[in-house]
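So this block is entry21.cif, mmCIF, C-alpha atoms:
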```cif
data_structure
loop_
_atom_site.label_atom_id
_atom_site.label_comp_id
_atom_site.auth_asym_id
_atom_site.auth_seq_id
_atom_site.Cartn_x
_atom_site.Cartn_y
_atom_site.Cartn_z
CA MET D 225 11.85 1.16 -23.51
CA GLU D 226 15.08 3.05 -22.70
CA ASN D 227 14.26 3.36 -18.99
CA THR D 228 12.79 -0.13 -18.64
CA LEU D 229 14.46 -3.06 -16.92
CA LEU D 230 14.30 -5.93 -19.40
CA GLY D 231 14.54 -9.67 -18.94
CA ARG D 232 15.65 -9.61 -15.29
CA ASP D 233 14.51 -11.94 -12.52
CA ILE D 234 12.85 -10.16 -9.57
CA VAL D 235 11.86 -11.62 -6.21
CA VAL D 236 9.26 -9.58 -4.30
CA VAL D 237 8.72 -9.92 -0.54
CA GLY D 238 6.55 -7.72 1.63
CA GLN D 239 3.71 -7.17 4.05
CA GLN D 240 0.70 -7.94 1.88
CA PRO D 241 -0.11 -11.36 0.42
CA TRP D 242 -0.98 -11.74 -3.23
CA ASP D 243 -4.60 -12.56 -2.33
CA THR D 244 -5.12 -9.42 -0.23
CA GLU D 245 -8.61 -7.94 -0.39
CA ILE D 246 -7.42 -4.33 -0.20
CA GLY D 247 -5.40 -2.17 -2.56
CA SER D 248 -1.72 -3.09 -2.56
CA ASN D 249 1.22 -1.08 -3.88
CA CYS D 250 3.35 -4.20 -3.80
CA ARG D 251 0.94 -6.18 -5.97
CA ASN D 252 0.60 -3.32 -8.46
CA ILE D 253 4.37 -2.95 -8.68
CA ALA D 254 4.82 -6.70 -9.20
CA LEU D 255 2.33 -6.66 -12.06
CA GLU D 256 4.22 -3.80 -13.69
CA PHE D 257 7.55 -5.57 -13.15
CA ALA D 258 6.13 -8.64 -14.88
CA ARG D 259 5.46 -6.74 -18.11
CA HIS D 260 9.17 -6.98 -18.96
CA ASN D 261 10.73 -9.29 -16.35
CA ARG D 262 10.17 -12.60 -14.60
CA VAL D 263 8.71 -12.07 -11.12
CA LEU D 264 8.37 -14.30 -8.08
CA TYR D 265 5.91 -12.76 -5.59
CA VAL D 266 6.40 -14.29 -2.15
CA ASN D 267 3.59 -14.38 0.40
CA ALA D 268 4.63 -13.87 4.01
CA PRO D 269 5.11 -17.15 5.90
CA LEU D 270 2.61 -18.16 8.56
CA ASP D 271 3.71 -17.43 12.09
CA ARG D 272 2.89 -19.61 15.06
CA ASN D 273 0.57 -17.09 16.73
CA THR D 274 -1.53 -16.67 13.57
CA VAL D 275 -1.92 -20.44 13.27
CA LEU D 276 -3.10 -20.71 16.87
CA ARG D 277 -5.50 -17.74 16.76
CA HIS D 278 -6.90 -17.94 13.24
CA ARG D 279 -6.53 -21.58 12.30
CA ARG D 280 -10.08 -21.81 10.90
CA ALA D 281 -9.68 -18.84 8.54
CA GLY D 282 -9.75 -19.91 4.91
CA TRP D 283 -6.46 -18.28 3.99
CA VAL D 284 -4.70 -19.88 6.98
CA GLN D 285 -6.06 -23.28 6.02
CA GLN D 286 -4.73 -22.78 2.49
CA ARG D 287 -1.26 -21.91 3.81
CA LEU D 288 -1.33 -24.94 6.12
CA ARG D 289 -2.13 -27.23 3.19
CA VAL D 290 1.03 -25.93 1.53
CA VAL D 291 3.05 -26.50 4.71
CA ARG D 292 1.72 -30.09 4.90
CA GLY D 293 2.58 -30.73 1.25
CA GLN D 294 -1.07 -31.02 0.19
CA GLU D 295 -0.79 -28.05 -2.21
CA GLN D 296 2.07 -26.85 -4.35
CA PRO D 297 3.86 -23.76 -2.98
CA LEU D 298 4.42 -22.28 -6.44
CA GLN D 299 1.55 -21.11 -8.64
CA MET D 300 1.58 -19.17 -11.89
CA ALA D 301 -0.46 -15.97 -11.53
CA GLY D 302 0.00 -14.42 -14.97
CA ASP D 303 2.49 -13.80 -17.74
CA ASN D 304 6.00 -13.92 -16.24
CA LEU D 305 4.52 -13.93 -12.72
CA TRP D 306 4.53 -16.65 -10.07
CA VAL D 307 3.25 -16.58 -6.48
CA LEU D 308 5.09 -18.56 -3.81
CA THR D 309 3.39 -19.54 -0.56
CA PRO D 310 6.21 -20.56 1.83
CA ASP D 311 6.04 -24.16 3.04
CA ALA D 312 7.28 -23.11 6.47
CA ILE D 313 6.01 -21.65 9.74
CA VAL D 314 8.04 -19.04 11.62
CA GLU D 315 7.96 -18.38 15.34
CA SER D 316 6.12 -15.38 16.87
CA ILE D 317 8.89 -13.50 18.69
CA ASN D 318 7.89 -9.84 18.74
CA TRP D 319 7.02 -10.08 22.46
CA LEU D 320 10.69 -10.61 23.28
CA PRO D 321 12.81 -7.61 24.30
CA ALA D 322 15.66 -6.44 22.10
CA SER D 323 18.40 -8.91 22.95
CA PRO D 324 20.83 -11.43 21.47
CA LEU D 325 18.09 -14.06 21.93
CA TYR D 326 15.65 -12.06 19.78
CA ASP D 327 18.29 -11.62 17.07
CA LEU D 328 19.11 -15.34 17.16
CA LEU D 329 15.47 -16.36 16.78
CA ASN D 330 14.81 -13.73 14.12
CA LYS D 331 17.75 -15.02 12.11
CA ARG D 332 16.34 -18.55 12.44
CA ASN D 333 12.96 -17.30 11.17
CA ASN D 334 14.74 -15.60 8.27
CA ARG D 335 16.56 -18.84 7.45
CA ARG D 336 13.27 -20.76 7.26
CA PHE D 337 11.78 -18.05 5.06
CA ALA D 338 14.88 -17.87 2.87
CA ALA D 339 14.96 -21.65 2.41
CA ALA D 340 11.38 -21.62 1.13
CA ILE D 341 12.20 -18.75 -1.24
CA GLU D 342 15.37 -20.52 -2.42
CA ARG D 343 13.30 -23.55 -3.42
CA GLY D 344 11.08 -21.30 -5.52
CA ILE D 345 14.07 -19.56 -7.08
CA GLN D 346 15.62 -22.90 -8.03
CA ALA D 347 12.36 -24.25 -9.45
CA LEU D 348 12.10 -21.22 -11.74
CA GLY D 349 15.79 -21.07 -12.58
CA PHE D 350 16.14 -17.45 -11.44
CA GLN D 351 19.66 -16.03 -11.69
CA GLU D 352 21.28 -12.71 -10.74
CA PHE D 353 17.92 -11.65 -9.36
CA VAL D 354 16.76 -8.38 -7.85
CA LEU D 355 15.31 -8.66 -4.32
CA PHE D 356 12.52 -6.10 -3.81
CA ASN D 357 11.45 -5.75 -0.16
CA ASP D 358 8.18 -3.92 0.50
CA ASN D 359 8.58 -2.66 4.10
CA ASP D 360 9.16 -6.17 5.54
CA ILE D 361 11.55 -5.29 8.37
CA PHE D 362 11.72 -8.44 10.52
CA ARG D 363 11.09 -11.54 8.40
CA SER D 364 13.27 -10.21 5.58
CA PHE D 365 16.02 -8.56 7.65
CA TYR D 366 18.69 -11.14 6.71
CA LEU D 367 17.49 -12.05 3.20
CA LYS D 368 20.25 -10.07 1.51
CA GLU D 369 22.86 -12.20 3.25
CA LEU D 370 20.94 -15.48 2.94
CA LEU D 371 19.80 -15.21 -0.69
CA ALA D 372 22.70 -13.15 -2.13
CA PRO D 373 20.68 -11.15 -4.70
CA ALA D 374 22.46 -9.16 -7.39
CA VAL D 375 20.67 -6.05 -6.08
CA SER D 376 18.64 -5.57 -2.90
CA VAL D 377 15.95 -2.88 -2.88
CA TYR D 378 14.09 -1.61 0.18
CA TYR D 379 10.73 0.01 -0.62
CA SER D 380 9.36 2.43 1.99
CA ARG D 381 5.67 3.23 1.51
CA ASP D 382 4.59 3.62 5.15
CA TYR D 383 6.27 4.96 8.24
CA MET D 384 6.06 1.60 10.01
CA LEU D 385 7.56 2.84 13.27
CA ALA D 386 4.41 4.83 14.04
CA VAL D 387 2.74 1.51 14.98
CA ASP D 388 3.62 -0.04 18.35
CA TYR D 389 4.18 -3.52 16.91
CA TRP D 390 6.76 -2.29 14.41
CA ARG D 391 8.28 0.36 16.66
CA LYS D 392 9.40 -2.12 19.32
CA HIS D 393 12.14 -3.72 17.24
CA GLY D 394 11.86 -1.58 14.11
CA ARG D 395 13.53 1.47 15.67
CA ARG D 396 16.70 -0.59 15.82
CA LEU D 397 16.32 -2.85 12.78
CA GLU D 398 14.78 -0.69 10.04
CA PRO D 399 17.68 1.82 9.91
CA GLN D 400 20.09 -1.13 9.68
CA LEU D 401 18.03 -2.73 6.90
CA ILE D 402 17.89 0.54 4.96
CA ALA D 403 21.63 1.08 5.39
CA LYS D 404 22.63 -2.36 4.12
CA SER D 405 20.24 -2.39 1.14
CA ASP D 406 21.87 -1.52 -2.18
CA VAL D 407 19.18 1.03 -2.92
CA CYS D 408 16.06 2.41 -1.21
CA VAL D 409 12.99 3.80 -2.94
CA ALA D 410 10.01 5.57 -1.37
CA ASN D 411 6.58 6.68 -2.52
CA SER D 412 6.68 10.03 -0.72
CA SER D 413 9.31 12.74 -0.38
CA TYR D 414 9.03 12.49 3.41
CA LEU D 415 9.90 8.78 3.42
CA ALA D 416 12.67 9.30 0.87
CA SER D 417 14.24 11.85 3.23
CA TYR D 418 13.87 9.39 6.09
CA CYS D 419 15.68 6.68 4.11
CA GLN D 420 18.43 9.11 3.08
CA ARG D 421 19.42 9.48 6.74
CA TYR D 422 20.77 5.91 6.58
CA ASN D 423 21.46 5.29 2.89
CA PRO D 424 22.50 7.98 0.37
CA ASN D 425 21.18 5.77 -2.45
CA SER D 426 17.56 6.61 -1.56
CA TYR D 427 15.08 8.00 -4.08
CA TYR D 428 11.52 9.28 -4.34
CA VAL D 429 9.72 7.21 -7.00
CA GLY D 430 6.14 8.48 -6.78
CA GLN D 431 3.03 6.37 -6.76
CA GLY D 432 0.62 4.75 -9.16
CA CYS D 433 -3.14 4.97 -9.26
CA ASP D 434 -5.63 2.13 -9.78
CA VAL D 435 -8.54 4.09 -11.25
CA ALA D 436 -8.30 5.25 -14.85
CA PRO D 437 -10.05 8.49 -15.90
CA ALA D 438 -12.12 6.46 -18.37
CA ALA D 439 -13.96 5.04 -15.37
CA THR D 440 -16.05 8.23 -15.21
CA THR D 441 -18.59 6.76 -17.62
CA ALA D 442 -22.06 6.50 -16.08
CA THR D 443 -22.96 3.29 -14.28
CA THR D 444 -25.66 2.13 -11.91
CA VAL D 445 -25.71 3.84 -8.52
CA PRO D 446 -24.85 1.33 -5.75
CA PRO D 447 -28.11 0.22 -4.09
CA ASP D 448 -27.05 1.22 -0.57
CA LEU D 449 -26.08 4.69 -1.80
CA ALA D 450 -29.17 5.36 -3.92
CA PRO D 451 -31.57 6.33 -1.05
CA ILE D 452 -29.14 8.89 0.44
CA SER D 453 -29.85 12.48 -0.51
CA GLY D 454 -27.10 14.89 -1.51
CA PRO D 455 -24.82 16.60 -1.38
CA LEU D 456 -22.81 13.49 -0.59
CA ILE D 457 -19.58 14.22 1.27
CA GLY D 458 -17.69 10.94 1.09
CA TYR D 459 -14.69 8.98 2.24
CA VAL D 460 -13.52 5.53 1.11
CA GLY D 461 -10.92 3.48 2.96
CA ALA D 462 -10.26 1.88 6.31
CA LEU D 463 -11.85 3.87 9.16
CA VAL D 464 -8.92 3.79 11.57
CA SER D 465 -8.84 6.16 14.52
CA LEU D 466 -5.03 6.37 14.48
CA ARG D 467 -5.23 7.89 11.01
CA LEU D 468 -8.54 9.74 10.82
CA ASP D 469 -9.93 12.60 12.91
CA ILE D 470 -13.22 11.35 14.37
CA ASP D 471 -13.91 14.65 16.18
CA LEU D 472 -13.53 16.54 12.91
CA LEU D 473 -16.10 14.29 11.23
CA VAL D 474 -18.54 14.64 14.13
CA SER D 475 -18.20 18.44 14.03
CA LEU D 476 -18.65 18.50 10.26
CA ALA D 477 -21.84 16.42 10.38
CA ARG D 478 -23.31 18.53 13.19
CA GLN D 479 -22.51 21.86 11.54
CA ARG D 480 -24.07 20.90 8.21
CA PRO D 481 -27.03 18.57 8.86
CA GLU D 482 -28.18 19.12 5.26
CA TRP D 483 -25.06 17.33 4.01
CA SER D 484 -24.84 13.53 4.00
CA LEU D 485 -21.55 12.22 5.30
CA VAL D 486 -20.92 8.83 3.66
CA LEU D 487 -18.17 6.57 5.00
CA VAL D 488 -17.24 3.48 3.00
CA GLY D 489 -14.84 1.02 4.63
CA PRO D 490 -14.25 -1.24 7.64
CA GLU D 491 -14.36 0.41 11.08
CA ASP D 492 -12.02 -0.03 14.01
CA GLU D 493 -13.41 -0.18 17.55
CA ALA D 494 -13.09 3.57 18.13
CA PHE D 495 -15.18 4.34 15.04
CA LYS D 496 -17.78 1.76 16.04
CA ALA D 497 -18.14 3.41 19.46
CA SER D 498 -18.06 6.99 18.18
CA ALA D 499 -20.83 9.62 18.23
CA LEU D 500 -20.91 9.42 14.44
CA HIS D 501 -23.32 6.49 14.73
CA GLU D 502 -25.80 8.69 16.57
CA LEU D 503 -26.01 11.35 13.84
CA PRO D 504 -28.83 11.00 11.29
CA ASN D 505 -26.81 12.43 8.39
CA VAL D 506 -23.88 10.03 8.77
CA TYR D 507 -23.99 6.78 6.78
CA PHE D 508 -21.65 3.82 7.32
CA LEU D 509 -21.80 1.58 4.26
CA GLY D 510 -19.18 -0.96 5.34
CA PRO D 511 -16.24 -2.46 3.46
CA LYS D 512 -16.39 -2.92 -0.30
CA ALA D 513 -14.24 -4.80 -2.78
CA PRO D 514 -11.67 -2.55 -4.51
CA ALA D 515 -13.46 -2.97 -7.85
CA GLU D 516 -16.65 -1.53 -6.31
CA LEU D 517 -15.14 1.68 -4.93
CA PRO D 518 -15.19 3.77 -8.14
CA ALA D 519 -18.99 3.43 -8.27
CA TYR D 520 -19.22 5.05 -4.83
CA ILE D 521 -16.63 7.75 -5.49
CA ARG D 522 -18.42 8.64 -8.72
CA GLU D 523 -21.56 9.56 -6.76
CA PHE D 524 -19.82 11.69 -4.14
CA THR D 525 -20.18 15.44 -4.52
CA VAL D 526 -17.00 16.11 -2.54
CA CYS D 527 -14.41 13.58 -1.35
CA LEU D 528 -12.57 13.78 1.97
CA ASN D 529 -9.31 12.68 3.54
CA PRO D 530 -9.69 13.94 7.14
CA GLN D 531 -6.36 12.74 8.48
CA LEU D 532 -4.89 13.27 11.87
CA VAL D 533 -1.38 14.65 11.55
CA ASN D 534 0.94 12.26 13.38
CA ASP D 535 3.93 10.00 12.72
CA MET D 536 1.70 7.49 10.96
CA THR D 537 0.20 9.93 8.45
CA ILE D 538 2.57 12.84 7.95
CA GLY D 539 4.78 11.16 5.38
CA ASN D 540 2.50 8.56 3.80
CA TYR D 541 1.44 8.94 0.20
CA PRO D 542 -2.37 9.30 0.22
CA ARG D 543 -3.22 6.72 -2.44
CA LYS D 544 -6.93 7.49 -2.23
CA ILE D 545 -6.38 11.10 -3.38
CA ASP D 546 -5.35 9.86 -6.81
CA GLU D 547 -8.40 7.60 -6.87
CA TYR D 548 -10.66 10.56 -6.10
CA LEU D 549 -8.99 12.88 -8.62
CA ALA D 550 -8.95 10.24 -11.36
CA LEU D 551 -12.74 10.43 -11.29
CA GLY D 552 -12.64 14.23 -11.43
CA LYS D 553 -13.89 14.76 -7.89
CA PRO D 554 -13.19 17.83 -5.74
CA VAL D 555 -11.15 16.79 -2.71
CA VAL D 556 -10.81 18.39 0.72
CA ALA D 557 -7.93 16.95 2.74
CA THR D 558 -5.73 17.73 5.70
CA ARG D 559 -2.45 19.36 4.70
CA THR D 560 0.67 17.20 5.16
CA GLN D 561 4.06 17.17 3.47
CA ALA D 562 2.97 14.29 1.25
CA MET D 563 -0.06 16.35 0.11
CA ASP D 564 2.13 19.12 -1.31
CA ILE D 565 2.20 17.53 -4.76
CA PHE D 566 -1.62 17.71 -4.85
CA ALA D 567 -1.88 21.34 -3.72
CA GLU D 568 -2.90 22.71 -7.13
CA HIS D 569 -5.77 20.25 -7.53
CA THR D 570 -7.16 19.85 -4.00
CA TYR D 571 -8.41 21.97 -1.09
CA LEU D 572 -5.99 21.60 1.81
CA ALA D 573 -7.09 22.27 5.38
CA ASP D 574 -4.62 23.41 8.01
CA SER D 575 -7.07 22.59 10.81
CA GLY D 576 -10.41 20.91 11.37
CA ALA D 577 -12.04 24.34 11.45
CA ASP D 578 -11.18 24.85 7.76
CA TYR D 579 -13.20 21.89 6.51
CA VAL D 580 -16.70 23.38 6.30
CA ALA D 581 -15.53 26.48 4.40
CA LEU D 582 -13.38 24.44 2.00
CA ILE D 583 -16.19 21.97 1.28
CA GLU D 584 -18.52 24.87 0.57
CA GLN D 585 -15.93 26.36 -1.77
CA ALA D 586 -15.51 23.01 -3.51
CA LEU D 587 -19.28 22.71 -3.95
CA TRP D 588 -19.85 26.09 -5.54
CA GLU D 589 -16.80 26.32 -7.81
CA ASP D 590 -16.76 22.78 -9.21
CA SER D 591 -16.95 22.63 -13.01
CA ALA D 592 -16.42 20.29 -15.93
CA GLU D 593 -13.08 21.95 -16.70
CA ARG D 594 -11.84 21.50 -13.12
CA GLN D 595 -12.93 17.87 -13.25
CA ARG D 596 -10.99 17.37 -16.48
CA ARG D 597 -7.84 18.92 -15.01
CA ARG D 598 -8.05 16.77 -11.89
CA ALA D 599 -8.42 13.58 -13.90
CA ALA D 600 -5.57 14.55 -16.22
CA PHE D 601 -3.30 15.20 -13.23
CA ALA D 602 -4.13 11.84 -11.63
CA ALA D 603 -3.47 10.13 -14.96
CA THR D 604 0.20 11.12 -14.68
CA HIS D 605 0.49 9.01 -11.51
CA THR D 606 0.70 5.65 -13.21
CA TRP D 607 2.35 2.48 -12.00
CA GLU D 608 4.34 2.50 -15.23
CA ASN D 609 5.83 5.90 -14.36
CA SER D 610 6.53 4.93 -10.74
CA VAL D 611 8.14 1.62 -11.68
CA ARG D 612 10.24 3.35 -14.35
CA GLN D 613 11.79 5.41 -11.56
CA ILE D 614 12.34 2.25 -9.52
CA TYR D 615 14.14 0.77 -12.53
CA GLU D 616 16.39 3.82 -12.75
CA ALA D 617 17.32 3.39 -9.07
CA ILE D 618 17.98 -0.34 -9.57
CA ARG D 619 20.07 0.29 -12.65
CA ALA D 620 22.21 2.82 -10.79
CA ALA D 621 22.93 0.19 -8.12
CA SER D 622 23.29 -2.80 -10.46
CA PRO D 623 26.39 -4.62 -11.61
CA PRO D 624 26.43 -5.43 -15.34
CA ALA D 625 23.48 -7.74 -15.96
CA ALA D 626 23.58 -11.15 -17.54
CA ALA D 627 21.87 -11.65 -20.88
CA PRO D 628 18.07 -11.18 -20.64
CA VAL D 629 16.10 -14.33 -19.96
CA ALA D 630 13.21 -15.57 -22.07
CA LEU D 631 9.87 -14.48 -20.64
CA ALA D 632 7.11 -16.94 -19.80
CA HIS D 633 3.41 -16.70 -20.58
CA ALA D 634 0.46 -18.18 -18.76
#
```

Starting from the coordinates I provided, produce the structure as structure tokens.
Amino acid sequence: MENTLLGRDIVVVGQQPWDTEIGSNCRNIALEFARHNRVLYVNAPLDRNTVLRHRRAGWVQQRLRVVRGQEQPLQMAGDNLWVLTPDAIVESINWLPASPLYDLLNKRNNRRFAAAIERGIQALGFQEFVLFNDNDIFRSFYLKELLAPAVSVYYSRDYMLAVDYWRKHGRRLEPQLIAKSDVCVANSSYLASYCQRYNPNSYYVGQGCDVAPAATTATTVPPDLAPISGPLIGYVGALVSLRLDIDLLVSLARQRPEWSLVLVGPEDEAFKASALHELPNVYFLGPKAPAELPAYIREFTVCLNPQLVNDMTIGNYPRKIDEYLALGKPVVATRTQAMDIFAEHTYLADSGADYVALIEQALWEDSAERQRRRAAFAATHTWENSVRQIYEAIRAASPPAAAPVALAHA
């Protein structure tokens, strides 16, 4: 327990809501925080554009009931853990150019958000709290000033500026947010280096994995996978053309028609329109719930991460690699800086042309011992270990803490 933060109050803000249907670093970190601290996990507030465009969506309706006072904003989600849905709507202002008007309106949005958070903080009696910001550049830009946390932490897990929406104002605001945070933590060495440009108190804290090695026990083959003949060369995750190399996948399927290329996840428009849908040995199985994914990975002969190398991917920690390795699977992936830590346990391709040869190598040299070593390596990437390093960074930036608070249980 020496490196554990004990009995502190922690407020978590970020990009992903508590009820997200995909894997979430922020949610995993909050759950680990709550083992020894009181945690308030704050959903992002609704913005005006989302209300207008998606008003009939179930999750929007739920948020609107909170705004109208028909549901309580604060709900207990587990031991020492509460989820706050803000009872406020913020304005959609990203279309504005960088200007004093944008800054004025963004500060007003931040005030609305902060007021909702403050009501949750007061209801729970949080004091001397840590503010943990998961990549929320705009809505949370002024929260340090407005909420006055004991310690403010900025968590970088994606290079947000690779996306047009975030780049527009993020090029100016994210460096400022990093600089004024008390400490920055990142899940890849690339992003830690990026944060260090603006804040010397920036640290690499690694990443956790959701799939335990014990999950390798035999289970029923998913029905939509059962009719597909092997070897199964598989990928799980969002099929996004900004991240993944469609041409590489087409070439791979055409060069080895005896292999079945299995893609599990939601497709963007470029994937839906791609030549992959015309190839008889390519199978799109659609999105699956996170709990279902291990059953698919378990049946793959070789797992892939065919990334494009660009600003969006070069520094991001490839969470799915741990999920593949935890189940002992051979992995062929595109080489990036973030993949360096996996080099001993994966097959790294320097170009699309390397993929066929590396998959063939992975097929013929796989063994029970290699599978054991892969799973053992992935098992070191736990949320407990990652959060322990976050605690060390917080402790280095913290003033002397008040006496630990009593923890609550659901």

task: Just say which residues the PyMOL selection byres ((chain D and resi 596) around 10) picks in this file, as number ranges by chain.
output: D: 437, 549-553, 591-595, 597-601

Expand the PyMOL selection byres ((chain D and resi 345) around 12) into the explicit residue set it covers here, and present it as a compact mmCIF listing (two decimals) with C-alpha atoms, in the frame of the given file.
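part.txt, freshly written:
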```txt
# COMPACT_ATOMS: atom_id res chain seq x y z
CA ASP D 233 14.51 -11.94 -12.52
CA ILE D 234 12.85 -10.16 -9.57
CA VAL D 235 11.86 -11.62 -6.21
CA VAL D 236 9.26 -9.58 -4.30
CA ARG D 262 10.17 -12.60 -14.60
CA VAL D 263 8.71 -12.07 -11.12
CA LEU D 264 8.37 -14.30 -8.08
CA TYR D 265 5.91 -12.76 -5.59
CA VAL D 266 6.40 -14.29 -2.15
CA PRO D 297 3.86 -23.76 -2.98
CA LEU D 298 4.42 -22.28 -6.44
CA TRP D 306 4.53 -16.65 -10.07
CA VAL D 307 3.25 -16.58 -6.48
CA LEU D 308 5.09 -18.56 -3.81
CA PRO D 310 6.21 -20.56 1.83
CA ALA D 338 14.88 -17.87 2.87
CA ALA D 339 14.96 -21.65 2.41
CA ALA D 340 11.38 -21.62 1.13
CA ILE D 341 12.20 -18.75 -1.24
CA GLU D 342 15.37 -20.52 -2.42
CA ARG D 343 13.30 -23.55 -3.42
CA GLY D 344 11.08 -21.30 -5.52
CA GLN D 346 15.62 -22.90 -8.03
CA ALA D 347 12.36 -24.25 -9.45
CA LEU D 348 12.10 -21.22 -11.74
CA GLY D 349 15.79 -21.07 -12.58
CA PHE D 350 16.14 -17.45 -11.44
CA GLN D 351 19.66 -16.03 -11.69
CA GLU D 352 21.28 -12.71 -10.74
CA PHE D 353 17.92 -11.65 -9.36
CA VAL D 354 16.76 -8.38 -7.85
CA LEU D 355 15.31 -8.66 -4.32
CA LEU D 371 19.80 -15.21 -0.69
CA ALA D 372 22.70 -13.15 -2.13
CA PRO D 373 20.68 -11.15 -4.70
```

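Evaluating the PyMOL selection byres ((chain D and resi 274-284) around 10) against the shown model yields D:Asp243, D:Thr244, D:Leu270, D:Asp271, D:Arg272, D:Asn273, D:Gln285, D:Gln286, D:Arg287, D:Leu288, D:Arg289, D:Val290, D:Ile313, D:Glu315, D:Ser316.
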
Expected residue set, 12 Å radius at (1.3, 16.2, 2.1), all atoms listed in the file, as a compact mmCIF listing (two decimals) with C-alpha atoms, in the coordinates of the input:
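Everything below was put into part.txt:
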```
# COMPACT_ATOMS: atom_id res chain seq x y z
CA ASN D 411 6.58 6.68 -2.52
CA SER D 412 6.68 10.03 -0.72
CA SER D 413 9.31 12.74 -0.38
CA TYR D 414 9.03 12.49 3.41
CA LEU D 415 9.90 8.78 3.42
CA ASN D 529 -9.31 12.68 3.54
CA GLN D 531 -6.36 12.74 8.48
CA LEU D 532 -4.89 13.27 11.87
CA VAL D 533 -1.38 14.65 11.55
CA ASN D 534 0.94 12.26 13.38
CA THR D 537 0.20 9.93 8.45
CA ILE D 538 2.57 12.84 7.95
CA GLY D 539 4.78 11.16 5.38
CA ASN D 540 2.50 8.56 3.80
CA TYR D 541 1.44 8.94 0.20
CA PRO D 542 -2.37 9.30 0.22
CA ARG D 543 -3.22 6.72 -2.44
CA ILE D 545 -6.38 11.10 -3.38
CA ALA D 557 -7.93 16.95 2.74
CA THR D 558 -5.73 17.73 5.70
CA ARG D 559 -2.45 19.36 4.70
CA THR D 560 0.67 17.20 5.16
CA GLN D 561 4.06 17.17 3.47
CA ALA D 562 2.97 14.29 1.25
CA MET D 563 -0.06 16.35 0.11
CA ASP D 564 2.13 19.12 -1.31
CA ILE D 565 2.20 17.53 -4.76
CA PHE D 566 -1.62 17.71 -4.85
CA ALA D 567 -1.88 21.34 -3.72
CA THR D 570 -7.16 19.85 -4.00
CA TYR D 571 -8.41 21.97 -1.09
CA LEU D 572 -5.99 21.60 1.81
CA ALA D 573 -7.09 22.27 5.38
CA ASP D 574 -4.62 23.41 8.01
```

query: Quick one, how far is CA of Arg335 (chain D) from CA of Glu295 (chain D)?
result: 21.9 Å

Output as a PDB file, in the frame of the given file: region 394-406 of chain D, completed with N, CA and C atoms.
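The resulting selection32.pdb:
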```
ATOM      1  N   GLY D 394      11.564  -2.286  15.348  1.00  0.00           N
ATOM      2  CA  GLY D 394      11.860  -1.580  14.110  1.00  0.00           C
ATOM      3  C   GLY D 394      12.740  -0.361  14.275  1.00  0.00           C
ATOM      4  N   ARG D 395      12.670   0.303  15.444  1.00  0.00           N
ATOM      5  CA  ARG D 395      13.530   1.470  15.670  1.00  0.00           C
ATOM      6  C   ARG D 395      14.998   1.097  15.539  1.00  0.00           C
ATOM      7  N   ARG D 396      15.319  -0.120  15.914  1.00  0.00           N
ATOM      8  CA  ARG D 396      16.700  -0.590  15.820  1.00  0.00           C
ATOM      9  C   ARG D 396      16.992  -1.232  14.463  1.00  0.00           C
ATOM     10  N   LEU D 397      16.037  -2.020  13.951  1.00  0.00           N
ATOM     11  CA  LEU D 397      16.320  -2.850  12.780  1.00  0.00           C
ATOM     12  C   LEU D 397      16.090  -2.143  11.448  1.00  0.00           C
ATOM     13  N   GLU D 398      15.039  -1.286  11.360  1.00  0.00           N
ATOM     14  CA  GLU D 398      14.780  -0.690  10.040  1.00  0.00           C
ATOM     15  C   GLU D 398      15.939   0.185   9.571  1.00  0.00           C
ATOM     16  N   PRO D 399      16.527   1.062  10.400  1.00  0.00           N
ATOM     17  CA  PRO D 399      17.680   1.820   9.910  1.00  0.00           C
ATOM     18  C   PRO D 399      18.826   0.925   9.430  1.00  0.00           C
ATOM     19  N   GLN D 400      19.050  -0.208  10.121  1.00  0.00           N
ATOM     20  CA  GLN D 400      20.090  -1.130   9.680  1.00  0.00           C
ATOM     21  C   GLN D 400      19.743  -1.753   8.331  1.00  0.00           C
ATOM     22  N   LEU D 401      18.465  -2.111   8.159  1.00  0.00           N
ATOM     23  CA  LEU D 401      18.030  -2.730   6.900  1.00  0.00           C
ATOM     24  C   LEU D 401      18.146  -1.734   5.749  1.00  0.00           C
ATOM     25  N   ILE D 402      17.747  -0.499   5.989  1.00  0.00           N
ATOM     26  CA  ILE D 402      17.890   0.540   4.960  1.00  0.00           C
ATOM     27  C   ILE D 402      19.351   0.731   4.599  1.00  0.00           C
ATOM     28  N   ALA D 403      20.211   0.812   5.617  1.00  0.00           N
ATOM     29  CA  ALA D 403      21.630   1.080   5.390  1.00  0.00           C
ATOM     30  C   ALA D 403      22.302  -0.013   4.573  1.00  0.00           C
ATOM     31  N   LYS D 404      21.931  -1.282   4.809  1.00  0.00           N
ATOM     32  CA  LYS D 404      22.630  -2.360   4.120  1.00  0.00           C
ATOM     33  C   LYS D 404      21.999  -2.722   2.764  1.00  0.00           C
ATOM     34  N   SER D 405      20.830  -2.166   2.467  1.00  0.00           N
ATOM     35  CA  SER D 405      20.240  -2.390   1.140  1.00  0.00           C
ATOM     36  C   SER D 405      21.060  -1.639   0.090  1.00  0.00           C
ATOM     37  N   ASP D 406      21.103  -2.189  -1.120  1.00  0.00           N
ATOM     38  CA  ASP D 406      21.870  -1.520  -2.180  1.00  0.00           C
ATOM     39  C   ASP D 406      21.223  -0.213  -2.598  1.00  0.00           C
TER      40      ASP D 406
END
```
